[in-house]
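*Asks:* See data_4.cif below, with mmCIF, C-alpha atoms.
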```cif
data_run
loop_
_atom_site.label_atom_id
_atom_site.label_comp_id
_atom_site.auth_asym_id
_atom_site.auth_seq_id
_atom_site.Cartn_x
_atom_site.Cartn_y
_atom_site.Cartn_z
CA MET A 568 -4.55 -19.95 -23.27
CA THR A 569 -3.59 -16.37 -23.83
CA GLY A 570 -5.24 -13.46 -22.06
CA GLU A 571 -7.06 -12.57 -25.26
CA GLN A 572 -8.65 -16.01 -25.46
CA ILE A 573 -9.72 -15.91 -21.81
CA THR A 574 -11.28 -12.48 -22.39
CA PHE A 575 -13.11 -13.80 -25.42
CA LEU A 576 -14.45 -16.84 -23.57
CA VAL A 577 -15.68 -14.75 -20.64
CA VAL A 578 -17.37 -12.23 -22.94
CA ALA A 579 -18.88 -15.00 -25.10
CA LEU A 580 -20.33 -16.69 -22.02
CA ALA A 581 -21.74 -13.34 -20.85
CA THR A 582 -23.26 -12.76 -24.30
CA LEU A 583 -24.94 -16.15 -24.52
CA GLY A 584 -26.03 -16.20 -20.88
CA SER A 585 -27.68 -12.80 -21.05
CA ALA A 586 -29.19 -13.66 -24.46
CA LEU A 587 -30.76 -16.77 -22.91
CA MET A 588 -32.13 -14.59 -20.11
CA VAL A 589 -33.61 -12.22 -22.74
CA VAL A 590 -35.65 -15.03 -24.30
CA THR A 591 -36.67 -16.78 -21.07
CA THR A 592 -37.29 -14.07 -18.43
CA ARG A 593 -40.95 -13.64 -17.55
CA ASN A 594 -40.72 -9.94 -16.76
CA LEU A 595 -40.26 -7.98 -19.99
CA ILE A 596 -38.52 -5.05 -18.29
CA HIS A 597 -35.91 -7.51 -17.04
CA ALA A 598 -35.68 -8.99 -20.54
CA ALA A 599 -34.96 -5.52 -21.94
CA LEU A 600 -32.29 -4.97 -19.26
CA TRP A 601 -30.70 -8.34 -20.12
CA LEU A 602 -30.74 -7.22 -23.77
CA ILE A 603 -28.62 -4.24 -22.71
CA ALA A 604 -26.13 -6.68 -21.12
CA THR A 605 -26.04 -8.71 -24.36
CA LEU A 606 -25.52 -5.61 -26.49
CA PHE A 607 -22.71 -4.44 -24.23
CA SER A 608 -21.00 -7.84 -24.49
CA VAL A 609 -21.27 -7.64 -28.29
CA ALA A 610 -19.65 -4.18 -28.09
CA VAL A 611 -16.75 -5.81 -26.22
CA ILE A 612 -16.54 -8.44 -28.98
CA PHE A 613 -16.28 -5.62 -31.53
CA ALA A 614 -13.49 -4.07 -29.46
CA LEU A 615 -11.69 -7.45 -29.41
CA LEU A 616 -11.97 -7.46 -33.21
CA SER A 617 -10.39 -3.94 -33.20
CA ALA A 618 -13.51 -2.42 -34.75
CA SER A 619 -13.42 0.57 -32.39
CA PHE A 620 -15.95 2.71 -34.25
CA LEU A 621 -18.53 -0.08 -34.32
CA ALA A 622 -18.01 -0.75 -30.61
CA VAL A 623 -18.84 2.90 -29.84
CA VAL A 624 -21.80 2.91 -32.25
CA GLN A 625 -23.07 -0.29 -30.63
CA VAL A 626 -23.13 1.41 -27.21
CA VAL A 627 -24.50 4.74 -28.43
CA VAL A 628 -27.11 3.57 -30.95
CA TYR A 629 -28.11 0.14 -29.68
CA ILE A 630 -27.97 0.68 -25.92
CA GLY A 631 -28.63 4.40 -25.98
CA ALA A 632 -31.52 4.40 -28.43
CA ILE A 633 -32.91 0.99 -29.32
CA ALA A 634 -32.85 -0.60 -25.86
CA ILE A 635 -34.38 2.52 -24.31
CA LEU A 636 -37.08 2.44 -27.01
CA PHE A 637 -37.82 -1.14 -25.99
CA ILE A 638 -38.16 -0.16 -22.34
CA PHE A 639 -40.56 2.63 -23.30
CA ALA A 640 -42.62 0.21 -25.42
CA VAL A 641 -42.79 -2.31 -22.57
CA MET A 642 -43.98 0.41 -20.21
CA LEU A 643 -46.61 1.64 -22.69
CA THR A 644 -48.03 -1.89 -23.08
CA ARG A 645 -47.82 -2.80 -19.44
CA LYS A 646 -51.07 -4.69 -19.14
CA ASP A 647 -49.51 -7.77 -20.75
CA MET A 648 -46.65 -8.01 -18.30
CA ARG A 649 -48.89 -10.37 -16.32
CA ASP A 650 -46.41 -12.58 -14.53
CA GLN A 651 -48.81 -15.42 -13.83
CA THR A 652 -49.60 -16.28 -17.47
CA PRO A 653 -47.02 -18.29 -19.47
CA GLN A 654 -44.62 -16.16 -21.47
CA LEU A 655 -43.92 -18.92 -24.01
CA ASN A 656 -46.55 -20.13 -26.46
CA LYS A 657 -47.74 -23.72 -26.43
CA ASN A 658 -45.52 -24.67 -29.38
CA TRP A 659 -42.36 -23.42 -27.70
CA TRP A 660 -40.69 -26.83 -28.02
CA VAL A 661 -40.91 -26.57 -31.83
CA GLY A 662 -39.08 -23.25 -31.59
CA ALA A 663 -36.46 -24.78 -29.31
CA LEU A 664 -36.03 -27.75 -31.66
CA LEU A 665 -35.68 -25.46 -34.69
CA ALA A 666 -33.13 -23.29 -32.86
CA VAL A 667 -31.05 -26.34 -31.90
CA LEU A 668 -31.29 -27.68 -35.46
CA THR A 669 -30.21 -24.30 -36.84
CA PHE A 670 -27.19 -24.22 -34.56
CA GLY A 671 -26.33 -27.83 -35.37
CA GLY A 672 -26.66 -27.18 -39.08
CA LEU A 673 -24.51 -24.05 -38.96
CA TYR A 674 -21.92 -25.86 -36.85
CA ALA A 675 -21.78 -28.83 -39.25
CA LEU A 676 -21.52 -26.41 -42.19
CA LEU A 677 -18.62 -24.59 -40.52
CA GLN A 678 -16.74 -27.84 -39.85
CA GLY A 679 -16.63 -28.57 -43.56
CA TRP A 680 -15.20 -25.16 -44.46
CA SER A 681 -11.48 -24.90 -45.07
CA GLY A 682 -11.09 -21.27 -43.98
CA LEU A 683 -12.24 -21.99 -40.44
CA SER A 684 -8.82 -22.15 -38.82
CA ARG A 685 -7.71 -18.90 -40.45
CA THR A 686 -5.65 -16.80 -38.07
CA VAL A 687 -5.68 -13.07 -37.73
CA ALA A 688 -3.08 -10.87 -39.40
CA ASP A 689 -1.76 -7.79 -37.67
CA ILE A 690 -3.26 -4.49 -38.75
CA PRO A 691 -0.56 -2.74 -40.81
CA SER A 692 1.06 0.14 -38.94
CA GLY A 693 -0.25 3.54 -39.98
CA PHE A 694 -3.59 2.09 -41.10
CA ASP A 695 -6.44 4.01 -39.49
CA ALA A 696 -9.57 1.89 -39.78
CA VAL A 697 -11.92 4.68 -38.66
CA ALA A 698 -10.55 7.16 -41.21
CA GLU A 699 -10.67 4.48 -43.90
CA LEU A 700 -14.28 3.68 -42.98
CA GLY A 701 -15.24 7.35 -43.23
CA THR A 702 -13.54 7.68 -46.60
CA GLU A 703 -15.21 4.56 -47.94
CA LEU A 704 -18.65 5.66 -46.73
CA THR A 705 -18.46 9.01 -48.52
CA SER A 706 -16.46 8.25 -51.67
CA PHE A 707 -18.17 7.62 -54.99
CA THR A 708 -15.85 4.70 -55.68
CA GLY A 709 -16.78 3.26 -52.29
CA TYR A 710 -20.08 2.82 -50.52
CA VAL A 711 -21.80 6.19 -50.75
CA LEU A 712 -24.89 4.77 -52.47
CA PRO A 713 -25.68 2.05 -49.85
CA PHE A 714 -24.98 4.65 -47.14
CA GLU A 715 -27.48 7.13 -48.60
CA VAL A 716 -30.04 4.40 -49.22
CA ALA A 717 -29.73 3.38 -45.55
CA SER A 718 -30.30 6.97 -44.42
CA VAL A 719 -33.36 7.37 -46.67
CA LEU A 720 -34.70 4.06 -45.33
CA LEU A 721 -34.23 5.30 -41.77
CA VAL A 722 -36.07 8.58 -42.46
CA ALA A 723 -38.92 6.76 -44.20
CA ALA A 724 -39.19 4.25 -41.35
CA LEU A 725 -39.24 6.98 -38.68
CA VAL A 726 -41.90 9.00 -40.53
CA GLY A 727 -43.94 5.83 -40.91
CA ALA A 728 -43.47 4.99 -37.23
CA VAL A 729 -44.72 8.41 -36.16
CA TYR A 730 -47.76 8.04 -38.44
CA VAL A 731 -48.57 4.49 -37.29
CA ALA A 732 -48.19 5.18 -33.57
CA PHE A 733 -50.04 8.50 -33.69
CA ASN A 734 -53.31 8.49 -31.78
CA PRO A 735 -55.96 10.30 -33.89
CA ARG A 736 -58.18 10.89 -30.86
CA SER A 737 -55.60 12.84 -28.91
CA GLY A 738 -54.66 15.48 -31.50
CA ASP A 739 -55.15 16.75 -35.03
CA ILE A 740 -51.83 16.40 -36.80
CA ARG A 741 -53.52 14.69 -39.74
CA LYS A 742 -55.98 17.54 -40.50
CA MET B 353 -4.69 -15.64 -30.81
CA ILE B 354 -8.39 -16.32 -31.28
CA PRO B 355 -9.34 -18.56 -34.24
CA LEU B 356 -12.02 -17.32 -36.60
CA SER B 357 -14.17 -20.34 -35.73
CA TRP B 358 -14.78 -19.07 -32.18
CA TYR B 359 -16.43 -15.92 -33.46
CA LEU B 360 -18.48 -17.84 -36.01
CA ILE B 361 -19.69 -20.37 -33.42
CA LEU B 362 -20.57 -17.60 -30.96
CA SER B 363 -22.49 -15.87 -33.73
CA ALA B 364 -24.34 -19.07 -34.70
CA ALA B 365 -25.26 -19.71 -31.04
CA LEU B 366 -26.51 -16.13 -30.56
CA PHE B 367 -28.55 -16.42 -33.77
CA SER B 368 -30.14 -19.66 -32.53
CA VAL B 369 -31.02 -18.11 -29.17
CA GLY B 370 -32.65 -15.19 -30.99
CA LEU B 371 -34.51 -17.60 -33.27
CA PHE B 372 -35.86 -19.44 -30.24
CA GLY B 373 -37.06 -16.13 -28.80
CA VAL B 374 -38.80 -15.15 -32.03
CA LEU B 375 -40.55 -18.51 -32.39
CA SER B 376 -41.53 -19.09 -28.77
CA ARG B 377 -42.42 -15.82 -27.03
CA ARG B 378 -46.05 -14.77 -26.89
CA ASN B 379 -45.47 -11.08 -26.35
CA ALA B 380 -44.87 -9.10 -29.57
CA VAL B 381 -42.27 -6.87 -27.87
CA ALA B 382 -40.35 -9.98 -26.79
CA ILE B 383 -40.41 -11.23 -30.39
CA LEU B 384 -38.75 -7.97 -31.44
CA LEU B 385 -36.12 -8.51 -28.71
CA GLY B 386 -35.33 -11.87 -30.34
CA ILE B 387 -34.92 -10.20 -33.73
CA GLU B 388 -32.43 -7.78 -32.17
CA LEU B 389 -30.34 -10.74 -30.94
CA MET B 390 -30.33 -12.23 -34.45
CA LEU B 391 -29.25 -8.93 -36.05
CA ASN B 392 -26.42 -8.63 -33.51
CA SER B 393 -25.15 -12.11 -34.32
CA VAL B 394 -25.04 -11.15 -38.00
CA ASN B 395 -22.96 -8.09 -37.09
CA ILE B 396 -20.46 -10.24 -35.18
CA ASN B 397 -20.07 -12.38 -38.30
CA LEU B 398 -19.56 -9.38 -40.58
CA VAL B 399 -16.95 -7.74 -38.35
CA ALA B 400 -15.12 -11.04 -37.76
CA PHE B 401 -14.83 -11.62 -41.50
CA TRP B 402 -13.59 -8.05 -41.97
CA ARG B 403 -10.87 -8.57 -39.34
CA TYR B 404 -9.78 -12.00 -40.57
CA GLY B 405 -9.90 -11.06 -44.24
CA ASN B 406 -8.12 -8.12 -45.82
CA VAL B 407 -8.49 -5.24 -43.34
CA MET B 408 -7.91 -2.76 -46.17
CA HIS B 409 -11.35 -3.65 -47.58
CA MET B 410 -13.93 -2.02 -45.33
CA ALA B 411 -16.98 -3.78 -46.80
CA GLY B 412 -17.61 -5.78 -43.62
CA GLN B 413 -17.75 -2.72 -41.39
CA VAL B 414 -19.79 -0.75 -43.93
CA PHE B 415 -22.33 -3.54 -44.08
CA ALA B 416 -22.43 -3.72 -40.28
CA ILE B 417 -23.28 0.00 -40.19
CA ILE B 418 -26.10 -0.58 -42.69
CA VAL B 419 -27.37 -3.40 -40.48
CA PHE B 420 -27.39 -0.89 -37.58
CA ALA B 421 -29.55 1.49 -39.62
CA VAL B 422 -31.90 -1.29 -40.71
CA ALA B 423 -32.19 -2.50 -37.11
CA ALA B 424 -33.10 0.99 -35.93
CA ALA B 425 -35.71 1.30 -38.69
CA GLU B 426 -37.12 -2.15 -37.91
CA VAL B 427 -37.40 -1.45 -34.20
CA SER B 428 -39.07 1.93 -34.65
CA VAL B 429 -41.68 0.61 -37.09
CA GLY B 430 -42.19 -2.61 -35.12
CA LEU B 431 -42.72 -0.89 -31.79
CA ALA B 432 -45.00 1.70 -33.43
CA LEU B 433 -47.12 -1.16 -34.79
CA VAL B 434 -47.18 -2.87 -31.39
CA ILE B 435 -48.28 0.34 -29.67
CA SER B 436 -50.91 0.97 -32.33
CA VAL B 437 -52.27 -2.58 -32.00
CA TYR B 438 -52.26 -2.27 -28.22
CA ARG B 439 -54.31 0.91 -28.48
CA ARG B 440 -56.93 -0.66 -30.77
CA ARG B 441 -57.09 -4.29 -29.57
CA ASN B 442 -55.79 -3.83 -26.00
CA THR B 443 -53.34 -6.73 -26.32
CA VAL B 444 -49.76 -7.34 -27.42
CA ILE B 445 -49.99 -11.15 -27.34
CA ALA B 446 -49.15 -12.32 -30.86
CA ASP B 447 -51.70 -15.18 -30.75
CA GLU B 448 -54.54 -12.77 -29.98
CA ILE B 449 -53.79 -10.44 -32.89
CA ASP B 450 -55.74 -12.62 -35.34
CA LEU B 451 -57.90 -10.15 -37.28
CA MET B 452 -56.38 -11.23 -40.61
CA LYS B 453 -56.38 -14.94 -39.78
CA TRP B 454 -58.77 -17.12 -41.81
#
```
Using structure tokens, write down the structure that the file contains.
*Replies:*
Amino acid sequence: MTGEQITFLVVALATLGSALMVVTTRNLIHAALWLIATLFSVAVIFALLSASFLAVVQVVVYIGAIAILFIFAVMLTRKDMRDQTPQLNKNWWVGALLAVLTFGGLYALLQGWSGLSRTVADIPSGFDAVAELGTELTSFTGYVLPFEVASVLLVAALVGAVYVAFNPRSGDIRK
Amino acid sequence: MIPLSWYLILSAALFSVGLFGVLSRRNAVAILLGIELMLNSVNINLVAFWRYGNVMHMAGQVFAIIVFAVAAAEVSVGLALVISVYRRRNTVIADEIDLMKW
């Protein structure tokens, strides 16, 4: 057991434990807070994989924007945070069974794959992953087209979200 | 040294937990929380394969960034729909939003 492995196991346990709390907590505000814990653990996993840029983006975009958006949405739809009613639907055991089957299937699939025990190679000295990522995202021989498509998708989705959530009775943006 | 399988098993477990959340929660916001867990598990997979493959090829990280953008788009539209439904039907319980059910 090296220190790296112990770190991984601790972070993996934190990830799965807080993820289980996200799907089982009755209070949705608490579920959103547990989601923040999960997202932070995933950021640590990214750091362990030496994907520094993605670890920072995970904290800034996921925790800073998406999780906060969730908390706002929970607060705006507060009436259904009734703690006395069940939070799981009556077919929850089918969902649990399907989840276990999915995990079992993926696990069995992984066992039959030869690349599973692949070990990590050192990052070559002088290789800057962040600079390389930036170059790839903006070069025409790289991934500029998927990058631009993603940004157009984001703009379209945000415009659509504003339109859908807009309350026609409280203003006259649409006139 | 961490074997690749640890990351893949963690990712599969996180995906299954998210799947359980999506299939079992009654509240529409909680269903979206489950989808977030599933998208995160996919990102762990992508970054793990980038690190354990050829690090010179950035495709794994690029795809993870696109998943970030798609997740942000999905959450904004999803929560806008939930808020809109809440305003009109006064509920966010997925079972009670049955206007288009035969």
*Asks:* From the options A:Thr705, A:Gln678, A:Gln572, A:Thr592, which residue's atoms come nearest to chain B, counting all atoms listed in the file?
*Replies:*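 Ranked by minimum distance to chain B, first place goes to A:Gln572.
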*Asks:* I need the output of the PyMOL selection byres ((chain A and resi 578) around 10) for this file as a list in words; which residues are they?
*Replies:*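 Written out, the selection comes to Gln572, Ile573, Thr574, Phe575, Leu576, Val577, Ala579, Leu580, Ala581, Thr582, Leu583, Gly584, Thr605, Phe607, Ser608, Val609, Ala610, Val611, Ile612 and Leu615 of chain A.
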*Asks:* With the PyMOL selection byres ((chain B and resi 412-420) around 9) as the selection, what would be picked from this file? Answer as a compact mmCIF listing (two decimals) with C-alpha atoms, keeping the file's coordinate frame, please.
*Replies:*
```
# COMPACT_ATOMS: atom_id res chain seq x y z
CA ALA A 618 -13.51 -2.42 -34.75
CA LEU A 621 -18.53 -0.08 -34.32
CA VAL A 624 -21.80 2.91 -32.25
CA GLN A 625 -23.07 -0.29 -30.63
CA VAL A 628 -27.11 3.57 -30.95
CA TYR A 629 -28.11 0.14 -29.68
CA LEU A 700 -14.28 3.68 -42.98
CA GLU A 703 -15.21 4.56 -47.94
CA LEU A 704 -18.65 5.66 -46.73
CA TYR A 710 -20.08 2.82 -50.52
CA PRO A 713 -25.68 2.05 -49.85
CA PHE A 714 -24.98 4.65 -47.14
CA ALA A 717 -29.73 3.38 -45.55
CA SER A 718 -30.30 6.97 -44.42
CA LEU B 391 -29.25 -8.93 -36.05
CA ASN B 392 -26.42 -8.63 -33.51
CA VAL B 394 -25.04 -11.15 -38.00
CA ASN B 395 -22.96 -8.09 -37.09
CA ILE B 396 -20.46 -10.24 -35.18
CA ASN B 397 -20.07 -12.38 -38.30
CA LEU B 398 -19.56 -9.38 -40.58
CA VAL B 399 -16.95 -7.74 -38.35
CA ALA B 400 -15.12 -11.04 -37.76
CA PHE B 401 -14.83 -11.62 -41.50
CA TRP B 402 -13.59 -8.05 -41.97
CA ARG B 403 -10.87 -8.57 -39.34
CA HIS B 409 -11.35 -3.65 -47.58
CA MET B 410 -13.93 -2.02 -45.33
CA ALA B 411 -16.98 -3.78 -46.80
CA ALA B 421 -29.55 1.49 -39.62
CA VAL B 422 -31.90 -1.29 -40.71
CA ALA B 423 -32.19 -2.50 -37.11
CA ALA B 424 -33.10 0.99 -35.93
CA ALA B 425 -35.71 1.30 -38.69
```
*Asks:* How many Å lie between CA of Phe637 in chain A and CA of Gly430 in chain B, rounded to one decimal?
*Replies:*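 Separation between CA of Phe637 in chain A and CA of Gly430 in chain B: 10.2 Å.
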*Asks:* Please provide as a PyMOL selection string all residues within 12 Å of Ala382 in chain B, with the sequence filter that same-chain residues fewer than 6 positions apart are discarded (counting only C-alpha atoms).
*Replies:* (chain A and resi 586+588-599+601-602+637-638+640-641+644+647-648+654-656) or (chain B and resi 370-376+388-389+427+430-431+434+444-446)
*Asks:* Using only C-alpha atoms, can you list as a list in words the residues within 9 Å of (-24.9, -20.2, -35.3)?
*Replies:*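 Returned residue set, sorted by chain then number, is Thr669, Phe670, Gly671, Gly672, Leu673 and Tyr674 of chain A; Leu360, Ile361, Leu362, Ser363, Ala364, Ala365, Leu366, Phe367, Ser368, Val369 and Ser393 of chain B.
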*Asks:* Mind writing the picked residues with C-alpha atoms as a PDB file, keeping the file's coordinate frame?
*Replies:*
```pdb
ATOM      1  CA  THR A 669     -30.210 -24.300 -36.840  1.00  0.00           C
ATOM      2  CA  PHE A 670     -27.190 -24.220 -34.560  1.00  0.00           C
ATOM      3  CA  GLY A 671     -26.330 -27.830 -35.370  1.00  0.00           C
ATOM      4  CA  GLY A 672     -26.660 -27.180 -39.080  1.00  0.00           C
ATOM      5  CA  LEU A 673     -24.510 -24.050 -38.960  1.00  0.00           C
ATOM      6  CA  TYR A 674     -21.920 -25.860 -36.850  1.00  0.00           C
TER       7      TYR A 674
ATOM      8  CA  LEU B 360     -18.480 -17.840 -36.010  1.00  0.00           C
ATOM      9  CA  ILE B 361     -19.690 -20.370 -33.420  1.00  0.00           C
ATOM     10  CA  LEU B 362     -20.570 -17.600 -30.960  1.00  0.00           C
ATOM     11  CA  SER B 363     -22.490 -15.870 -33.730  1.00  0.00           C
ATOM     12  CA  ALA B 364     -24.340 -19.070 -34.700  1.00  0.00           C
ATOM     13  CA  ALA B 365     -25.260 -19.710 -31.040  1.00  0.00           C
ATOM     14  CA  LEU B 366     -26.510 -16.130 -30.560  1.00  0.00           C
ATOM     15  CA  PHE B 367     -28.550 -16.420 -33.770  1.00  0.00           C
ATOM     16  CA  SER B 368     -30.140 -19.660 -32.530  1.00  0.00           C
ATOM     17  CA  VAL B 369     -31.020 -18.110 -29.170  1.00  0.00           C
ATOM     18  CA  SER B 393     -25.150 -12.110 -34.320  1.00  0.00           C
TER      19      SER B 393
END
```
*Asks:* Expanded to explicit residues, what is the PyMOL selection byres ((chain A and resi 724-733) around 7) for this file, as a list in words?
*Replies:* Leu720, Leu721, Val722, Ala723, Asn734 and Pro735 of chain A; Ala425, Ser428, Val429, Ala432, Leu433, Ile435 and Ser436 of chain B
*Asks:* What is the CA of Arg736 in chain A-CA of Leu384 in chain B distance in Å, reported with one decimal?
*Replies:*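 Atom-to-atom, CA of Arg736 in chain A to CA of Leu384 in chain B, that is 27.1 Å.
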*Asks:* Would you compute the distance between CA of Ser619 in chain A and CA of Leu356 in chain B? Give it in Å to one decimal.
*Replies:*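 Separating CA of Ser619 in chain A from CA of Leu356 in chain B is a distance of 18.4 Å.
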*Asks:* Which one is closest to chain A: B:Asn406, B:Trp358, B:Ile387, B:Arg377? Count all atoms listed in the file.
*Replies:*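 Residue with the minimum atom-to-atom distance to chain A: B:Arg377.
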*Asks:* I want to know what sits within 9 Å of Met353 in chain B, based on all atoms listed in the file, with residues of the same chain fewer than 2 positions away left out; could you give that as a VMD selection string?
*Replies:* (chain A and resid 568 to 569 571 to 572 686 to 687) or (chain B and resid 355)
*Asks:* For each of B:Arg378, B:Arg441, B:Tyr359, B:Lys453, take the minimum atom-to-atom distance to Lys657 in chain A, counting all atoms listed in the file, then give the residue where this is smallest.
*Replies:*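 Looking only at the distances to Lys657 in chain A, the closest residue turns out to be B:Arg378.
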*Asks:* Which one of A:Phe639, A:Phe620, A:Phe694, A:Trp659 sits closest to chain B if you count all atoms listed in the file?
*Replies:*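 Counting all atoms listed in the file, the residue closest to chain B is A:Trp659.
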*Asks:* How would range 674-686 of chain A look with N, CA and C atoms restored, written as an mmCIF file, in the frame of the given file?
*Replies:*
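The file below, selection-v8.cif, is the result:
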```cif
data_model
loop_
_atom_site.group_PDB
_atom_site.id
_atom_site.type_symbol
_atom_site.label_atom_id
_atom_site.label_comp_id
_atom_site.auth_asym_id
_atom_site.auth_seq_id
_atom_site.Cartn_x
_atom_site.Cartn_y
_atom_site.Cartn_z
ATOM 1 N N TYR A 674 -23.165 -25.309 -37.370
ATOM 2 C CA TYR A 674 -21.920 -25.860 -36.850
ATOM 3 C C TYR A 674 -21.354 -26.907 -37.817
ATOM 4 N N ALA A 675 -22.243 -27.792 -38.308
ATOM 5 C CA ALA A 675 -21.780 -28.830 -39.250
ATOM 6 C C ALA A 675 -21.251 -28.187 -40.529
ATOM 7 N N LEU A 676 -21.951 -27.112 -40.972
ATOM 8 C CA LEU A 676 -21.520 -26.410 -42.190
ATOM 9 C C LEU A 676 -20.143 -25.812 -42.001
ATOM 10 N N LEU A 677 -19.907 -25.233 -40.778
ATOM 11 C CA LEU A 677 -18.620 -24.590 -40.520
ATOM 12 C C LEU A 677 -17.491 -25.625 -40.480
ATOM 13 N N GLN A 678 -17.800 -26.830 -39.953
ATOM 14 C CA GLN A 678 -16.740 -27.840 -39.850
ATOM 15 C C GLN A 678 -16.208 -28.233 -41.217
ATOM 16 N N GLY A 679 -17.074 -28.170 -42.246
ATOM 17 C CA GLY A 679 -16.630 -28.570 -43.560
ATOM 18 C C GLY A 679 -15.963 -27.469 -44.360
ATOM 19 N N TRP A 680 -15.740 -26.306 -43.721
ATOM 20 C CA TRP A 680 -15.200 -25.160 -44.460
ATOM 21 C C TRP A 680 -13.714 -25.038 -44.181
ATOM 22 N N SER A 681 -12.934 -24.843 -45.236
ATOM 23 C CA SER A 681 -11.480 -24.900 -45.070
ATOM 24 C C SER A 681 -10.919 -23.651 -44.413
ATOM 25 N N GLY A 682 -11.627 -22.508 -44.515
ATOM 26 C CA GLY A 682 -11.090 -21.270 -43.980
ATOM 27 C C GLY A 682 -11.304 -21.087 -42.496
ATOM 28 N N LEU A 683 -11.812 -22.145 -41.830
ATOM 29 C CA LEU A 683 -12.240 -21.990 -40.440
ATOM 30 C C LEU A 683 -11.087 -21.704 -39.489
ATOM 31 N N SER A 684 -9.932 -22.308 -39.757
ATOM 32 C CA SER A 684 -8.820 -22.150 -38.820
ATOM 33 C C SER A 684 -7.939 -20.953 -39.188
ATOM 34 N N ARG A 685 -8.467 -20.094 -40.041
ATOM 35 C CA ARG A 685 -7.710 -18.900 -40.450
ATOM 36 C C ARG A 685 -7.314 -18.084 -39.228
ATOM 37 N N THR A 686 -6.084 -17.615 -39.200
ATOM 38 C CA THR A 686 -5.650 -16.800 -38.070
ATOM 39 C C THR A 686 -5.599 -15.339 -38.487
#
```
